[in-house]
$ cat input_17.pdb   # PDB, C-alpha atoms
ATOM      1  CA  MET A   1      84.033 124.092 120.125
ATOM      2  CA  GLU A   2      82.783 122.048 117.181
ATOM      3  CA  ASN A   3      81.543 118.568 118.033
ATOM      4  CA  THR A   4      83.476 115.942 116.060
ATOM      5  CA  LEU A   5      82.715 112.256 115.641
ATOM      6  CA  MET A   6      86.265 111.318 114.674
ATOM      7  CA  ASP A   7      89.776 112.665 114.736
ATOM      8  CA  LYS A   8      90.378 114.930 111.732
ATOM      9  CA  TYR A   9      93.184 112.919 110.117
ATOM     10  CA  ALA A  10      91.631 109.528 110.952
ATOM     11  CA  ALA A  11      88.561 110.621 108.955
ATOM     12  CA  GLY A  12      90.459 112.179 106.037
ATOM     13  CA  PHE A  13      92.998 109.400 105.608
ATOM     14  CA  GLY A  14      90.325 106.748 106.251
ATOM     15  CA  ILE A  15      88.296 107.924 103.269
ATOM     16  CA  SER A  16      91.541 108.250 101.308
ATOM     17  CA  LEU A  17      92.277 104.596 102.161
ATOM     18  CA  VAL A  18      88.862 103.589 100.817
ATOM     19  CA  VAL A  19      89.338 105.529  97.556
ATOM     20  CA  THR A  20      92.955 104.420  97.045
ATOM     21  CA  SER A  21      92.133 100.755  97.699
ATOM     22  CA  PHE A  22      89.657 100.790  94.831
ATOM     23  CA  LEU A  23      92.065 102.840  92.713
ATOM     24  CA  ASN A  24      94.676 100.111  93.224
ATOM     25  CA  ALA A  25      92.355  97.502  91.686
ATOM     26  CA  VAL A  26      91.259  99.848  88.888
ATOM     27  CA  ILE A  27      94.857 100.708  87.889
ATOM     28  CA  LEU A  28      95.696  96.992  87.857
ATOM     29  CA  ILE A  29      92.850  96.150  85.470
ATOM     30  CA  ILE A  30      93.533  99.118  83.187
ATOM     31  CA  LYS A  31      97.274  98.462  82.863
ATOM     32  CA  GLU A  32      96.788  94.717  82.319
ATOM     33  CA  LYS A  33      94.127  95.291  79.662
ATOM     34  CA  ASN A  34      95.757  98.230  77.887
ATOM     35  CA  ASP A  35      99.256  97.799  76.429
ATOM     36  CA  ALA A  36      99.674 101.565  75.937
ATOM     37  CA  VAL A  37      99.026 102.218  79.639
ATOM     38  CA  MET A  38     101.313  99.345  80.641
ATOM     39  CA  GLY A  39     104.027 100.712  78.343
ATOM     40  CA  ALA A  40     103.643 104.237  79.719
ATOM     41  CA  MET A  41     103.876 102.952  83.300
ATOM     42  CA  LYS A  42     107.034 100.983  82.456
ATOM     43  CA  THR A  43     108.551 104.056  80.820
ATOM     44  CA  ALA A  44     107.621 106.442  83.647
ATOM     45  CA  LEU A  45     109.673 104.891  86.467
ATOM     46  CA  GLY A  46     111.373 101.935  84.767
ATOM     47  CA  HIS A  47     108.897  99.265  85.953
ATOM     48  CA  HIS A  48     105.091  99.194  85.888
ATOM     49  CA  TRP A  49     104.945  98.069  89.527
ATOM     50  CA  THR A  50     107.165 100.934  90.688
ATOM     51  CA  THR A  51     104.926 103.441  88.913
ATOM     52  CA  HIS A  52     101.808 101.715  90.252
ATOM     53  CA  GLY A  53     103.141 101.935  93.820
ATOM     54  CA  ALA A  54     104.194 105.574  93.438
ATOM     55  CA  ILE A  55     100.719 106.520  92.156
ATOM     56  CA  ILE A  56      99.001 104.691  95.030
ATOM     57  CA  ILE A  57     101.207 106.195  97.766
ATOM     58  CA  VAL A  58     101.101 109.748  96.363
ATOM     59  CA  MET A  59      97.314 109.562  95.865
ATOM     60  CA  PHE A  60      96.797 108.170  99.388
ATOM     61  CA  LEU A  61      98.823 110.970 100.971
ATOM     62  CA  ALA A  62      97.466 113.752  98.737
ATOM     63  CA  LEU A  63      93.812 112.683  99.118
ATOM     64  CA  GLY A  64      94.388 112.128 102.841
ATOM     65  CA  PHE A  65      95.464 115.731 103.388
ATOM     66  CA  ILE A  66      92.751 117.078 101.054
ATOM     67  CA  PHE A  67      89.984 115.073 102.787
ATOM     68  CA  SER A  68      91.382 116.032 106.208
ATOM     69  CA  GLY A  69      90.694 119.649 105.314
ATOM     70  CA  MET A  70      87.067 118.956 104.368
ATOM     71  CA  LYS A  71      85.734 118.495 107.921
ATOM     72  CA  LEU A  72      84.832 114.847 107.251
ATOM     73  CA  GLU A  73      85.291 114.248 110.982
ATOM     74  CA  THR A  74      81.864 115.849 111.475
ATOM     75  CA  LYS A  75      80.199 113.549 108.896
ATOM     76  CA  PHE A  76      81.653 110.125 109.650
ATOM     77  CA  ASP A  77      82.014 108.196 112.891
ATOM     78  CA  TYR A  78      84.457 105.410 113.767
ATOM     79  CA  ARG A  79      81.902 102.642 113.222
ATOM     80  CA  GLN A  80      81.166 103.843 109.677
ATOM     81  CA  MET A  81      84.886 104.206 108.966
ATOM     82  CA  LEU A  82      85.556 100.656 110.174
ATOM     83  CA  LYS A  83      82.820  99.350 107.875
ATOM     84  CA  TYR A  84      84.011 101.362 104.851
ATOM     85  CA  THR A  85      87.723 100.590 105.219
ATOM     86  CA  VAL A  86      87.278  96.864 105.863
ATOM     87  CA  TRP A  87      84.872  96.416 102.948
ATOM     88  CA  ALA A  88      86.979  98.549 100.601
ATOM     89  CA  VAL A  89      90.068  96.446 101.316
ATOM     90  CA  ILE A  90      88.155  93.141 101.047
ATOM     91  CA  ILE A  91      86.420  94.093  97.785
ATOM     92  CA  SER A  92      89.617  95.434  96.172
ATOM     93  CA  CYS A  93      91.514  92.275  97.185
ATOM     94  CA  VAL A  94      88.738  90.091  95.747
ATOM     95  CA  ILE A  95      88.850  92.086  92.486
ATOM     96  CA  ILE A  96      92.652  91.655  92.273
ATOM     97  CA  ALA A  97      92.546  87.919  93.076
ATOM     98  CA  GLY A  98      89.529  87.439  90.801
ATOM     99  CA  PHE A  99      91.319  89.149  87.915
ATOM    100  CA  PHE A 100      94.188  86.648  88.086
ATOM    101  CA  LEU A 101      92.010  83.635  88.987
ATOM    102  CA  PRO A 102      91.946  82.307  85.384
ATOM    103  CA  ASN A 103      95.749  81.919  85.719
ATOM    104  CA  LEU A 104      95.250  79.487  88.576
ATOM    105  CA  LYS A 105      94.489  76.305  86.691
ATOM    106  CA  LEU A 106      93.002  74.076  89.363
ATOM    107  CA  ALA A 107      93.651  70.965  87.316
ATOM    108  CA  GLY A 108      97.345  71.830  87.255
ATOM    109  CA  VAL A 109      97.405  72.457  90.991
ATOM    110  CA  MET A 110      95.637  69.174  91.748
ATOM    111  CA  LYS A 111      98.368  67.204  89.952
ATOM    112  CA  TYR A 112     100.818  67.915  92.763
TER
ATOM    113  CA  MET B   1     124.598  85.975  98.795
ATOM    114  CA  PHE B   2     123.601  89.625  98.566
ATOM    115  CA  ILE B   3     120.418  88.702  96.665
ATOM    116  CA  GLN B   4     119.419  86.101  99.292
ATOM    117  CA  GLY B   5     120.194  88.641 102.013
ATOM    118  CA  VAL B   6     117.889  91.195 100.418
ATOM    119  CA  MET B   7     115.112  88.613 100.094
ATOM    120  CA  MET B   8     115.476  87.346 103.665
ATOM    121  CA  THR B   9     115.470  90.929 104.978
ATOM    122  CA  HIS B  10     112.192  91.552 103.115
ATOM    123  CA  VAL B  11     110.659  88.392 104.605
ATOM    124  CA  ALA B  12     111.969  89.133 108.128
ATOM    125  CA  LEU B  13     110.621  92.704 108.072
ATOM    126  CA  GLY B  14     107.237  91.422 106.903
ATOM    127  CA  VAL B  15     107.101  88.769 109.649
ATOM    128  CA  LEU B  16     108.123  91.323 112.294
ATOM    129  CA  GLY B  17     105.455  93.704 110.981
ATOM    130  CA  ILE B  18     102.829  90.980 111.406
ATOM    131  CA  LEU B  19     104.076  90.070 114.897
ATOM    132  CA  PHE B  20     104.031  93.696 116.061
ATOM    133  CA  ALA B  21     100.523  94.091 114.576
ATOM    134  CA  VAL B  22      99.434  91.057 116.653
ATOM    135  CA  ALA B  23     101.046  92.627 119.756
ATOM    136  CA  LEU B  24      99.221  95.883 119.042
ATOM    137  CA  PHE B  25      95.926  93.998 118.549
ATOM    138  CA  VAL B  26      96.262  92.302 121.965
ATOM    139  CA  ASP B  27      97.313  95.564 123.627
ATOM    140  CA  VAL B  28      94.296  97.394 122.144
ATOM    141  CA  LEU B  29      91.972  94.632 123.397
ATOM    142  CA  ASN B  30      93.311  95.395 126.881
ATOM    143  CA  VAL B  31      93.713  99.142 126.467
ATOM    144  CA  ASN B  32      94.116 101.247 129.616
ATOM    145  CA  GLU B  33      95.969 104.388 130.652
ATOM    146  CA  GLY B  34      99.099 102.316 131.237
ATOM    147  CA  ASN B  35      99.563 100.909 127.724
ATOM    148  CA  ILE B  36      98.309 103.699 125.446
ATOM    149  CA  GLU B  37     101.833 105.050 124.867
ATOM    150  CA  ARG B  38     103.065 101.555 124.001
ATOM    151  CA  ILE B  39     100.180 101.125 121.522
ATOM    152  CA  LYS B  40     101.163 104.392 119.861
ATOM    153  CA  LYS B  41     104.778 103.247 119.549
ATOM    154  CA  LEU B  42     103.689  99.834 118.249
ATOM    155  CA  SER B  43     101.555 101.472 115.537
ATOM    156  CA  LEU B  44     104.583 103.448 114.339
ATOM    157  CA  VAL B  45     106.819 100.371 114.432
ATOM    158  CA  VAL B  46     104.310  98.392 112.311
ATOM    159  CA  ALA B  47     104.162 101.224 109.759
ATOM    160  CA  VAL B  48     107.966 101.494 109.542
ATOM    161  CA  LEU B  49     108.497  97.702 109.289
ATOM    162  CA  ILE B  50     105.898  97.238 106.540
ATOM    163  CA  PHE B  51     107.189 100.272 104.634
ATOM    164  CA  LEU B  52     110.762  98.925 104.799
ATOM    165  CA  ALA B  53     109.495  95.473 103.710
ATOM    166  CA  TYR B  54     107.860  97.220 100.735
ATOM    167  CA  LEU B  55     111.012  99.148  99.802
ATOM    168  CA  ILE B  56     113.411  96.199 100.128
ATOM    169  CA  GLY B  57     111.017  93.653  98.616
ATOM    170  CA  GLY B  58     110.252  96.085  95.810
ATOM    171  CA  TYR B  59     113.966  96.549  95.101
ATOM    172  CA  TRP B  60     114.430  92.782  94.919
ATOM    173  CA  TYR B  61     111.327  92.333  92.748
ATOM    174  CA  VAL B  62     112.276  95.023  90.239
ATOM    175  CA  VAL B  63     115.995  94.188  90.020
ATOM    176  CA  TYR B  64     116.289  90.411  90.566
ATOM    177  CA  TYR B  65     112.908  88.683  90.250
ATOM    178  CA  GLY B  66     112.879  88.531  86.421
ATOM    179  CA  HIS B  67     115.296  85.581  86.420
ATOM    180  CA  ASP B  68     113.223  83.634  88.949
ATOM    181  CA  ARG B  69     110.023  84.476  87.064
ATOM    182  CA  ASP B  70     111.408  82.919  83.881
ATOM    183  CA  ILE B  71     112.325  79.738  85.792
ATOM    184  CA  ILE B  72     108.868  79.549  87.410
ATOM    185  CA  LYS B  73     106.989  80.138  84.148
ATOM    186  CA  ALA B  74     109.020  77.475  82.336
ATOM    187  CA  GLY B  75     108.575  74.997  85.189
ATOM    188  CA  GLN B  76     105.824  72.804  86.574
ATOM    189  CA  TRP B  77     104.219  75.508  88.727
ATOM    190  CA  PRO B  78     103.776  78.477  86.347
ATOM    191  CA  TRP B  79     100.731  79.556  88.382
ATOM    192  CA  ALA B  80     103.100  80.306  91.282
ATOM    193  CA  HIS B  81     103.966  83.442  89.316
ATOM    194  CA  ASN B  82     100.854  83.855  87.158
ATOM    195  CA  PHE B  83      98.525  83.863  90.145
ATOM    196  CA  PHE B  84     100.358  84.113  93.461
ATOM    197  CA  MET B  85     103.066  86.636  92.570
ATOM    198  CA  GLU B  86     100.681  88.764  90.518
ATOM    199  CA  VAL B  87      98.147  88.858  93.369
ATOM    200  CA  LYS B  88     100.837  89.309  96.057
ATOM    201  CA  GLU B  89     102.536  92.254  94.392
ATOM    202  CA  HIS B  90      99.237  94.140  94.084
ATOM    203  CA  ILE B  91      97.613  93.226  97.406
ATOM    204  CA  PHE B  92     100.844  94.355  99.084
ATOM    205  CA  PHE B  93      99.752  97.927  98.338
ATOM    206  CA  ALA B  94      96.641  97.357 100.497
ATOM    207  CA  VAL B  95      98.839  96.158 103.386
ATOM    208  CA  LEU B  96     101.104  99.169 102.908
ATOM    209  CA  LEU B  97      98.188 101.638 102.999
ATOM    210  CA  LEU B  98      96.704  99.932 106.074
ATOM    211  CA  ALA B  99     100.101 100.072 107.824
ATOM    212  CA  ILE B 100     100.507 103.793 107.071
ATOM    213  CA  TYR B 101      96.918 104.427 108.223
ATOM    214  CA  LEU B 102      97.363 102.486 111.492
ATOM    215  CA  PRO B 103      99.259 105.207 113.451
ATOM    216  CA  ILE B 104      96.967 107.868 111.965
ATOM    217  CA  ALA B 105      93.989 105.972 113.417
ATOM    218  CA  VAL B 106      95.749 105.400 116.764
ATOM    219  CA  TYR B 107      96.906 108.980 117.355
ATOM    220  CA  GLY B 108      94.511 111.914 117.774
ATOM    221  CA  LYS B 109      92.538 113.743 120.430
ATOM    222  CA  ILE B 110      89.822 111.130 120.916
ATOM    223  CA  PRO B 111      91.178 108.587 123.432
ATOM    224  CA  LEU B 112      91.763 104.998 122.410
ATOM    225  CA  THR B 113      89.677 103.900 125.369
ATOM    226  CA  GLU B 114      86.580 104.964 123.362
ATOM    227  CA  LYS B 115      85.105 101.738 122.002
ATOM    228  CA  PRO B 116      84.314 102.902 118.424
ATOM    229  CA  LYS B 117      87.885 104.164 117.904
ATOM    230  CA  ARG B 118      89.253 100.978 119.435
ATOM    231  CA  SER B 119      87.162  98.901 116.998
ATOM    232  CA  LEU B 120      88.597 100.746 113.994
ATOM    233  CA  VAL B 121      92.173 100.189 115.190
ATOM    234  CA  LEU B 122      91.440  96.500 115.858
ATOM    235  CA  GLY B 123      89.934  96.135 112.375
ATOM    236  CA  ILE B 124      92.941  97.751 110.687
ATOM    237  CA  ALA B 125      95.413  95.636 112.697
ATOM    238  CA  ALA B 126      93.447  92.445 111.945
ATOM    239  CA  LEU B 127      93.507  93.185 108.204
ATOM    240  CA  ILE B 128      97.287  93.749 108.330
ATOM    241  CA  VAL B 129      97.756  90.384 110.078
ATOM    242  CA  ILE B 130      95.410  88.435 107.757
ATOM    243  CA  LEU B 131      96.795  89.934 104.542
ATOM    244  CA  GLY B 132     100.313  89.615 105.977
ATOM    245  CA  PHE B 133      99.797  85.879 106.417
ATOM    246  CA  PHE B 134      98.665  85.674 102.794
ATOM    247  CA  MET B 135     101.851  87.532 101.761
ATOM    248  CA  GLU B 136     104.005  85.038 103.650
ATOM    249  CA  GLY B 137     102.131  82.025 102.264
ATOM    250  CA  ALA B 138     102.237  83.346  98.707
ATOM    251  CA  GLY B 139     105.966  84.040  99.101
ATOM    252  CA  GLY B 140     106.492  80.415 100.130
ATOM    253  CA  ILE B 141     104.559  79.150  97.105
ATOM    254  CA  ILE B 142     106.533  81.438  94.748
ATOM    255  CA  SER B 143     109.791  80.180  96.269
ATOM    256  CA  LYS B 144     108.630  76.580  95.791
ATOM    257  CA  GLY B 145     107.711  77.492  92.205
ATOM    258  CA  VAL B 146     111.388  78.280  91.556
ATOM    259  CA  THR B 147     112.419  74.939  93.085
ATOM    260  CA  MET B 148     109.891  73.096  90.916
ATOM    261  CA  GLY B 149     111.207  74.921  87.862
ATOM    262  CA  LEU B 150     114.814  73.989  88.629
ATOM    263  CA  MET B 151     113.906  70.346  89.350
ATOM    264  CA  GLY B 152     112.321  70.018  85.945
ATOM    265  CA  ARG B 153     115.490  71.010  84.101
TER
END
$ encode --input "input_17.pdb" --output "structure tokens"
Amino acid sequence: MENTLMDKYAAGFGISLVVTSFLNAVILIIKEKNDAVMGAMKTALGHHWTTHGAIIIVMFLALGFIFSGMKLETKFDYRQMLKYTVWAVIISCVIIAGFFLPNLKLAGVMKY
Amino acid sequence: MFIQGVMMTHVALGVLGILFAVALFVDVLNVNEGNIERIKKLSLVVAVLIFLAYLIGGYWYVVYYGHDRDIIKAGQWPWAHNFFMEVKEHIFFAVLLLAIYLPIAVYGKIPLTEKPKRSLVLGIAALIVILGFFMEGAGGIISKGVTMGLMGR
């Protein structure tokens, strides 16, 4: 019996979570900076956010099953996966918030 | 009334998702043979609640939010949309992925009593709770943004 450090799907979908979290931030920046991409995403499913969500969910599931078949459970352990997933989510959230930060005019907020 | 019902359902599902994630977190801290099945069920409940919050909130956002957005942007708190809604609608995907991953991390052959696996589940649940609180707070600010917009008319 092969010695595994993690459960097969916990490893595959964990790495998929890391990749898809960054992909979420990358898609956001690309669509906000490129009108053609934004237009294509609006056309695809009627609203850019709907298309964005569909891409993220499909990629997460597809990559999860692909990575689960790559024996990643023998290469990663739970401690590494905790570190990677937490940092991936934190960094992607900081990128998203940072991208929109110029819209948060502190002077305007302070008025109220 | 239907629109408010849809919105309140989205909020309620999100709050319940957070509460069940907190319950799971506490249960995992005290994991033993007696509560492992409950932890598994809780992980599925969190995933279902957050996914339903995404579907219903997404329906409301795509179909009805445009009117509110115009009021917010023309009002005194335009940043309620320009920052908080923009950030909320994209960080929600992170919460959704974490919620779907939660039962995947909980289930499996390696028992949850193993400390490294337990730490991963605790980390995922904690992120769902923290980001969930941000979702709720941002939702409140966006709602207040509409009020501020209407007051200024």
$ resolve_selection --input "input_17.pdb" --expression "the PyMOL selection byres ((chain A) within 7 of (chain B))" --output "list in words"
Asp7, Tyr9, Ala10, Phe13, Leu17, Ser21, His47, Gly53, Tyr78, Arg79, Leu82, Val89, Cys93, Ile96, Ala97, Phe100, Leu101, Asn103 and Leu104 of chain A
$ residues_around --input "input_17.pdb" --residues "Ile66 (chain A)" --least-positions-apart "2" --cutoff "12 Å" --atoms "all atoms listed in the file" --output "PDB file with C-alpha atoms, in the coordinates of the input"
ATOM      1  CA  LYS A   8      90.378 114.930 111.732  1.00  0.00           C
ATOM      2  CA  TYR A   9      93.184 112.919 110.117  1.00  0.00           C
ATOM      3  CA  ALA A  11      88.561 110.621 108.955  1.00  0.00           C
ATOM      4  CA  GLY A  12      90.459 112.179 106.037  1.00  0.00           C
ATOM      5  CA  PHE A  13      92.998 109.400 105.608  1.00  0.00           C
ATOM      6  CA  GLY A  14      90.325 106.748 106.251  1.00  0.00           C
ATOM      7  CA  ILE A  15      88.296 107.924 103.269  1.00  0.00           C
ATOM      8  CA  SER A  16      91.541 108.250 101.308  1.00  0.00           C
ATOM      9  CA  MET A  59      97.314 109.562  95.865  1.00  0.00           C
ATOM     10  CA  PHE A  60      96.797 108.170  99.388  1.00  0.00           C
ATOM     11  CA  LEU A  61      98.823 110.970 100.971  1.00  0.00           C
ATOM     12  CA  ALA A  62      97.466 113.752  98.737  1.00  0.00           C
ATOM     13  CA  LEU A  63      93.812 112.683  99.118  1.00  0.00           C
ATOM     14  CA  GLY A  64      94.388 112.128 102.841  1.00  0.00           C
ATOM     15  CA  SER A  68      91.382 116.032 106.208  1.00  0.00           C
ATOM     16  CA  GLY A  69      90.694 119.649 105.314  1.00  0.00           C
ATOM     17  CA  MET A  70      87.067 118.956 104.368  1.00  0.00           C
ATOM     18  CA  LYS A  71      85.734 118.495 107.921  1.00  0.00           C
ATOM     19  CA  LEU A  72      84.832 114.847 107.251  1.00  0.00           C
TER      20      LEU A  72
END
$ residues_around --input "input_17.pdb" --residues "Leu5 (chain A)" --least-positions-apart "3" --cutoff "7 Å" --atoms "all atoms listed in the file" --output "number ranges by chain"
A: 73-74, 76-77
$ write_last_selection --input "input_17.pdb" --atoms "C-alpha atoms" --output "PDB file, keeping the file's coordinate frame"
ATOM      1  CA  GLU A  73      85.291 114.248 110.982  1.00  0.00           C
ATOM      2  CA  THR A  74      81.864 115.849 111.475  1.00  0.00           C
ATOM      3  CA  PHE A  76      81.653 110.125 109.650  1.00  0.00           C
ATOM      4  CA  ASP A  77      82.014 108.196 112.891  1.00  0.00           C
TER       5      ASP A  77
END
$ closest_residue --input "input_17.pdb" --among "B:Ile141, B:Ile36, B:Ala47, B:Ile72" --to "Leu112 (chain B)" --atoms "only C-alpha atoms"
B:Ile36
$ resolve_selection --input "input_17.pdb" --expression "the PyMOL selection byres ((chain B and resi 136) around 12)" --output "ChimeraX atom specification"
/B:8,10-18,53,84-85,88-89,92,128-135,137-143
$ atom_distance --input "input_17.pdb" --atom1 "CA of Met41 (chain A)" --atom2 "CA of Tyr64 (chain B)"
19.1 Å
$ resolve_selection --input "input_17.pdb" --expression "the PyMOL selection byres ((chain B and resi 41-46) around 7)" --output "list in words"
Gly17, Phe20, Ala21, Leu24, Glu37, Arg38, Ile39, Lys40, Ala47, Val48, Leu49, Ile50, Ala99, Leu102 and Pro103 of chain B
$ atom_distance --input "input_17.pdb" --atom1 "CA of His48 (chain A)" --atom2 "CA of Ile27 (chain A)"
10.5 Å
$ atom_distance --input "input_17.pdb" --atom1 "CA of Ala25 (chain A)" --atom2 "CA of Asp70 (chain B)"
25.2 Å
$ closest_residue --input "input_17.pdb" --among "B:Met151, B:Val146, B:Met7, B:Ala125" --to "Val86 (chain A)" --atoms "all atoms listed in the file"
B:Ala125
